[in-house]
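Printed here is input29.csv (CSV, C-alpha atoms):
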chain,number,residue,atom,x,y,z
I,1,MET,CA,-14.0,-10.1,97.2
I,2,ILE,CA,-16.6,-11.9,95.3
I,3,PHE,CA,-15.9,-12.9,91.7
I,4,CYS,CA,-18.6,-13.7,89.4
I,5,ALA,CA,-18.1,-16.2,86.6
I,6,THR,CA,-20.6,-14.4,84.3
I,7,PRO,CA,-20.3,-10.7,83.6
I,8,PRO,CA,-23.1,-8.6,84.8
I,9,ALA,CA,-25.9,-7.9,82.3
I,10,PHE,CA,-25.1,-4.3,81.9
I,11,ILE,CA,-21.6,-4.9,80.5
I,12,LYS,CA,-21.6,-5.7,76.8
I,13,PRO,CA,-18.7,-7.2,75.0
I,14,GLU,CA,-17.1,-4.7,72.7
I,15,ARG,CA,-17.2,-5.3,69.0
I,16,SER,CA,-14.3,-4.2,66.8
I,17,GLN,CA,-15.0,-1.5,64.2
I,18,GLY,CA,-14.7,-2.4,60.5
I,19,PHE,CA,-15.8,-5.1,58.1
I,20,SER,CA,-15.3,-8.8,58.5
I,21,LEU,CA,-13.4,-10.8,55.8
I,22,LEU,CA,-16.6,-12.5,54.7
I,23,GLU,CA,-18.4,-9.1,54.1
I,24,LEU,CA,-15.4,-7.8,52.0
I,25,LEU,CA,-15.4,-11.0,49.9
I,26,VAL,CA,-19.2,-10.7,49.2
I,27,VAL,CA,-18.7,-7.0,48.1
I,28,ILE,CA,-15.8,-7.9,45.8
I,29,VAL,CA,-17.8,-10.7,44.1
I,30,ILE,CA,-20.8,-8.4,43.6
I,31,ILE,CA,-18.5,-5.7,42.0
I,32,GLY,CA,-16.9,-8.3,39.8
I,33,ILE,CA,-20.2,-9.5,38.5
I,34,LEU,CA,-21.4,-5.9,37.8
I,35,ILE,CA,-18.1,-5.1,35.9
I,36,SER,CA,-18.4,-8.2,33.8
I,37,PHE,CA,-22.0,-7.4,32.8
I,38,THR,CA,-21.0,-3.8,32.0
I,39,THR,CA,-18.1,-5.0,29.9
I,40,LEU,CA,-20.3,-7.4,27.9
I,41,ALA,CA,-22.9,-4.7,27.3
I,42,ILE,CA,-20.4,-2.0,26.2
I,43,ARG,CA,-18.3,-4.3,24.0
I,44,GLY,CA,-19.8,-4.4,20.5
I,45,ALA,CA,-20.5,-7.7,18.7
I,46,ASP,CA,-17.7,-9.2,16.6
I,47,PRO,CA,-18.3,-8.3,12.9
I,48,GLU,CA,-17.6,-11.9,11.9
I,49,ASP,CA,-20.2,-13.1,14.3
I,50,MET,CA,-22.8,-10.7,12.9
I,51,ILE,CA,-22.0,-11.9,9.3
I,52,LYS,CA,-22.3,-15.6,10.4
I,53,GLU,CA,-25.6,-14.9,12.2
I,54,GLU,CA,-27.1,-13.2,9.1
I,55,ALA,CA,-26.0,-16.1,6.9
I,56,GLN,CA,-27.5,-18.6,9.3
I,57,ARG,CA,-30.8,-16.6,9.4
I,58,PHE,CA,-30.9,-16.5,5.6
I,59,ASN,CA,-30.3,-20.2,5.4
I,60,GLN,CA,-33.1,-21.0,7.9
I,61,LEU,CA,-35.5,-18.7,6.1
I,62,LEU,CA,-34.6,-20.3,2.8
I,63,GLN,CA,-35.5,-23.7,4.3
I,64,LEU,CA,-38.8,-22.3,5.6
I,65,ALA,CA,-39.6,-20.8,2.2
I,66,GLN,CA,-38.8,-24.1,0.5
I,67,GLU,CA,-41.1,-26.0,2.8
I,68,GLU,CA,-43.9,-23.5,2.3
I,69,ALA,CA,-43.5,-23.7,-1.5
I,70,ILE,CA,-43.8,-27.5,-1.3
I,71,PHE,CA,-46.7,-27.6,1.2
I,72,LYS,CA,-48.8,-24.9,-0.4
I,73,GLY,CA,-47.9,-25.9,-4.0
I,74,LEU,CA,-46.8,-22.4,-4.9
I,75,GLU,CA,-43.8,-21.0,-6.6
I,76,TYR,CA,-41.6,-18.8,-4.5
I,77,GLY,CA,-38.8,-16.5,-5.6
I,78,LEU,CA,-35.9,-14.7,-4.1
I,79,ALA,CA,-34.9,-11.2,-5.1
I,80,PHE,CA,-31.5,-9.8,-3.9
I,81,THR,CA,-30.2,-6.3,-3.6
I,82,PRO,CA,-26.7,-5.4,-2.3
I,83,ASN,CA,-28.1,-5.0,1.2
I,84,SER,CA,-31.4,-6.9,1.4
I,85,TYR,CA,-33.2,-9.9,0.2
I,86,THR,CA,-36.9,-10.4,-0.5
I,87,PHE,CA,-39.1,-13.5,-0.6
I,88,LEU,CA,-41.8,-13.4,-3.3
I,89,VAL,CA,-44.7,-15.7,-4.2
I,90,GLN,CA,-46.3,-16.1,-7.6
I,91,LEU,CA,-50.0,-15.5,-7.4
I,92,ASP,CA,-52.2,-14.9,-10.5
I,93,ASN,CA,-49.0,-15.0,-12.7
I,94,LYS,CA,-47.6,-12.0,-10.7
I,95,TRP,CA,-44.8,-11.9,-8.2
I,96,GLN,CA,-46.0,-10.5,-4.8
I,97,HIS,CA,-44.1,-9.5,-1.7
I,98,LEU,CA,-44.5,-11.5,1.5
I,99,ASP,CA,-44.2,-8.5,3.7
I,100,ASP,CA,-47.3,-9.4,5.6
I,101,ASP,CA,-45.5,-12.7,6.6
I,102,ARG,CA,-43.7,-12.2,9.9
I,103,LEU,CA,-40.8,-14.5,8.9
I,104,LEU,CA,-40.5,-14.2,5.1
I,105,ARG,CA,-40.7,-10.4,4.9
I,106,THR,CA,-38.1,-8.3,3.2
I,107,ARG,CA,-34.9,-8.4,5.2
I,108,ALA,CA,-32.7,-5.4,5.2
I,109,LEU,CA,-29.1,-6.2,6.2
I,110,GLU,CA,-27.6,-4.1,9.1
I,111,HIS,CA,-24.1,-3.4,10.3
I,112,ASN,CA,-22.8,-2.7,6.7
I,113,ILE,CA,-23.4,-6.4,5.7
I,114,GLU,CA,-23.7,-6.8,2.0
I,115,ILE,CA,-24.5,-9.7,-0.4
I,116,GLU,CA,-22.6,-10.9,-3.4
I,117,LEU,CA,-24.7,-13.2,-5.6
I,118,THR,CA,-23.5,-15.8,-8.0
I,119,LEU,CA,-26.0,-17.6,-10.3
I,120,ASP,CA,-24.9,-20.8,-12.0
I,121,GLU,CA,-21.2,-19.9,-11.4
I,122,THR,CA,-21.7,-16.4,-12.9
I,123,GLY,CA,-21.4,-13.3,-10.8
I,124,VAL,CA,-24.4,-11.0,-10.7
I,125,ALA,CA,-24.2,-7.2,-10.3
I,126,LEU,CA,-26.9,-6.5,-7.8
I,127,LYS,CA,-28.8,-3.2,-8.1
I,128,ASP,CA,-30.7,-1.2,-5.5
I,129,PRO,CA,-34.3,-0.9,-6.7
I,130,ALA,CA,-34.7,2.3,-4.8
I,131,ALA,CA,-32.1,3.9,-7.1
I,132,GLY,CA,-34.7,4.2,-9.8
I,133,SER,CA,-33.4,1.7,-12.3
I,134,SER,CA,-36.2,-0.8,-11.8
I,135,PRO,CA,-39.8,-0.6,-13.1
I,136,VAL,CA,-42.4,0.4,-10.5
I,137,ASN,CA,-45.7,-1.2,-9.8
I,138,MET,CA,-49.1,0.5,-9.6
I,139,ASP,CA,-48.4,1.6,-6.0
I,140,GLY,CA,-45.2,3.4,-7.1
I,141,GLU,CA,-43.0,0.8,-5.3
I,142,PRO,CA,-40.1,-0.7,-7.2
I,143,GLU,CA,-41.0,-4.0,-8.8
I,144,LEU,CA,-38.8,-6.9,-7.8
I,145,THR,CA,-38.3,-9.9,-10.0
I,146,PRO,CA,-36.7,-12.9,-8.5
I,147,GLN,CA,-33.2,-13.9,-9.5
I,148,THR,CA,-33.8,-17.4,-8.2
I,149,PHE,CA,-36.8,-19.6,-7.8
I,150,LEU,CA,-37.9,-22.0,-5.0
I,151,LEU,CA,-40.2,-24.4,-6.9
I,152,SER,CA,-43.1,-26.4,-5.4
I,153,SER,CA,-41.2,-29.5,-6.5
I,154,GLY,CA,-38.5,-28.7,-3.9
I,155,GLU,CA,-36.0,-27.6,-6.5
I,156,ILE,CA,-34.0,-24.4,-6.5
I,157,THR,CA,-33.2,-22.9,-9.9
I,158,PRO,CA,-30.8,-21.6,-10.9
I,159,GLU,CA,-28.3,-22.8,-8.3
I,160,PHE,CA,-26.9,-19.8,-6.4
I,161,LYS,CA,-24.3,-18.7,-3.9
I,162,ALA,CA,-25.1,-15.8,-1.7
I,163,ARG,CA,-22.0,-14.5,0.1
I,164,PHE,CA,-22.6,-12.3,3.2
I,165,LEU,CA,-19.7,-10.0,3.9
I,166,ILE,CA,-18.6,-6.7,5.4
I,167,TYR,CA,-15.9,-5.0,3.3
I,168,GLY,CA,-12.7,-4.8,5.4
I,169,VAL,CA,-13.5,-7.9,7.4
I,170,ALA,CA,-11.5,-10.9,6.4
I,171,LYS,CA,-14.1,-13.6,7.1
I,172,SER,CA,-17.3,-14.0,5.1
I,173,TYR,CA,-20.1,-16.7,5.0
I,174,GLN,CA,-21.6,-18.1,1.9
I,175,VAL,CA,-24.9,-19.9,1.5
I,176,ASN,CA,-24.8,-22.3,-1.4
I,177,ALA,CA,-28.1,-23.6,-2.8
I,178,PHE,CA,-28.3,-26.5,-5.3
I,179,ILE,CA,-30.8,-27.5,-7.9
I,180,ASP,CA,-31.9,-30.5,-5.8
I,181,GLY,CA,-33.1,-28.2,-3.0
I,182,LYS,CA,-30.2,-28.7,-0.7
I,183,HIS,CA,-28.3,-25.8,0.7
I,184,GLU,CA,-25.4,-25.2,3.1
I,185,ILE,CA,-23.3,-22.5,4.8
I,186,LYS,CA,-19.6,-22.3,4.3
I,187,ALA,CA,-17.1,-19.9,5.8
I,188,GLY,CA,-14.9,-18.0,3.4
I,189,GLU,CA,-12.1,-15.6,3.4
Rendering of file as structure tokens:
Amino acid sequence: MIFCATPPAFIKPERSQGFSLLELLVVIVIIGILISFTTLAIRGADPEDMIKEEAQRFNQLLQLAQEEAIFKGLEYGLAFTPNSYTFLVQLDNKWQHLDDDRLLRTRALEHNIEIELTLDETGVALKDPAAGSSPVNMDGEPELTPQTFLLSSGEITPEFKARFLIYGVAKSYQVNAFIDGKHEIKAGE
């Protein structure tokens, strides 16, 4: 009998049926990644985070409007409603909207966020101009007059506090603006 050290070419080693441990681990990792992305996409944003984000946006836009007022030598104003704020500029002794400005356009608040306004330590009852209580301009749009002014000197008058909140959510955020032009965000309850 002749024994050969190498098997003949026509005999192939048999491979076991099934998956290797490495293949299973790769599939489990891929499924885990997909589930985490799906969970993040489905889960809604935290209301407190939405309030904070809106207050931060307002604070940054306030800074931008102040800088533009100083650089352009124009008087800017801010008009608040319960669920929006509008930047205005005074041209030809008339307040005009900045809606053609991509950044300083009227901002409607979403997700039931509302604004409570305090001017010089006095609460202000904000009105919705669409409710018909405000005068209208020649285009039939409600005319907004600013409640606070961003002066070309860098001052903000009167001092104000704009509190961003959602009723029923414990945390709120407040933007405090001072006469010297400084402003800050504070968390509140």
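Residue nearest Glu68 in chain I within the list I:Gly154, I:Gly123, I:Pro82, I:Gly32: I:Gly154 [criterion: smallest interatomic distance, only C-alpha atoms].
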**OP:** Determine, counting only C-alpha atoms, which protein, DNA and RNA residues have an atom within 12 Å of an atom of Tyr76 in chain I; residues of the same chain fewer than 2 positions away are not included. Present the result as number ranges by chain.
**Re:** I: 62-74, 78-79, 86-91, 93-98, 104, 145-157
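Closest to Phe178 in chain I among I:Asp128, I:Lys161, I:Asp100, I:Thr118 is I:Lys161, based on all atoms listed in the file.
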Subject >> Closest of I:Tyr85, I:Gln17, I:Glu159, I:Gln174 to Asp99 in chain I - atom-to-atom distances counting only C-alpha atoms >> reply: I:Tyr85
Original post:
What lies within 8 Å of range 182-185 of chain I using only C-alpha atoms, ignoring chain neighbours under 3 positions off, as a ChimeraX atom specification?
Top reply: /I:55-56,59,173-179
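Take CA of Arg107 in chain I and CA of Asp120 in chain I: the distance between them is 23.4 Å.
For the choices I:Asp92, I:Glu114, I:Asp49, I:Glu121, the atom-to-atom distance to Lys171 in chain I is smallest for I:Asp49 when using all atoms listed in the file.
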Original post:
Smallest atom-to-atom distance to Ala162 in chain I: which of I:Asp180, I:Glu54, I:Glu116, I:Asp46, using all atoms listed in the file?
Top reply: I:Glu116
Original post:
What separation in Å, quoted to one decimal, exists between CA of Pro158 in chain I and CA of Val124 in chain I?
Top reply: 12.4 Å
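With distances restricted to only C-alpha atoms, I:Leu144 is the closest residue to Ser84 in chain I from I:Ile30, I:Leu144, I:Leu119, I:Ala45.
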Subject >> Point-to-point distance in Å for CA of Ile113 in chain I and CA of Ala170 in chain I >> reply: 12.7 Å
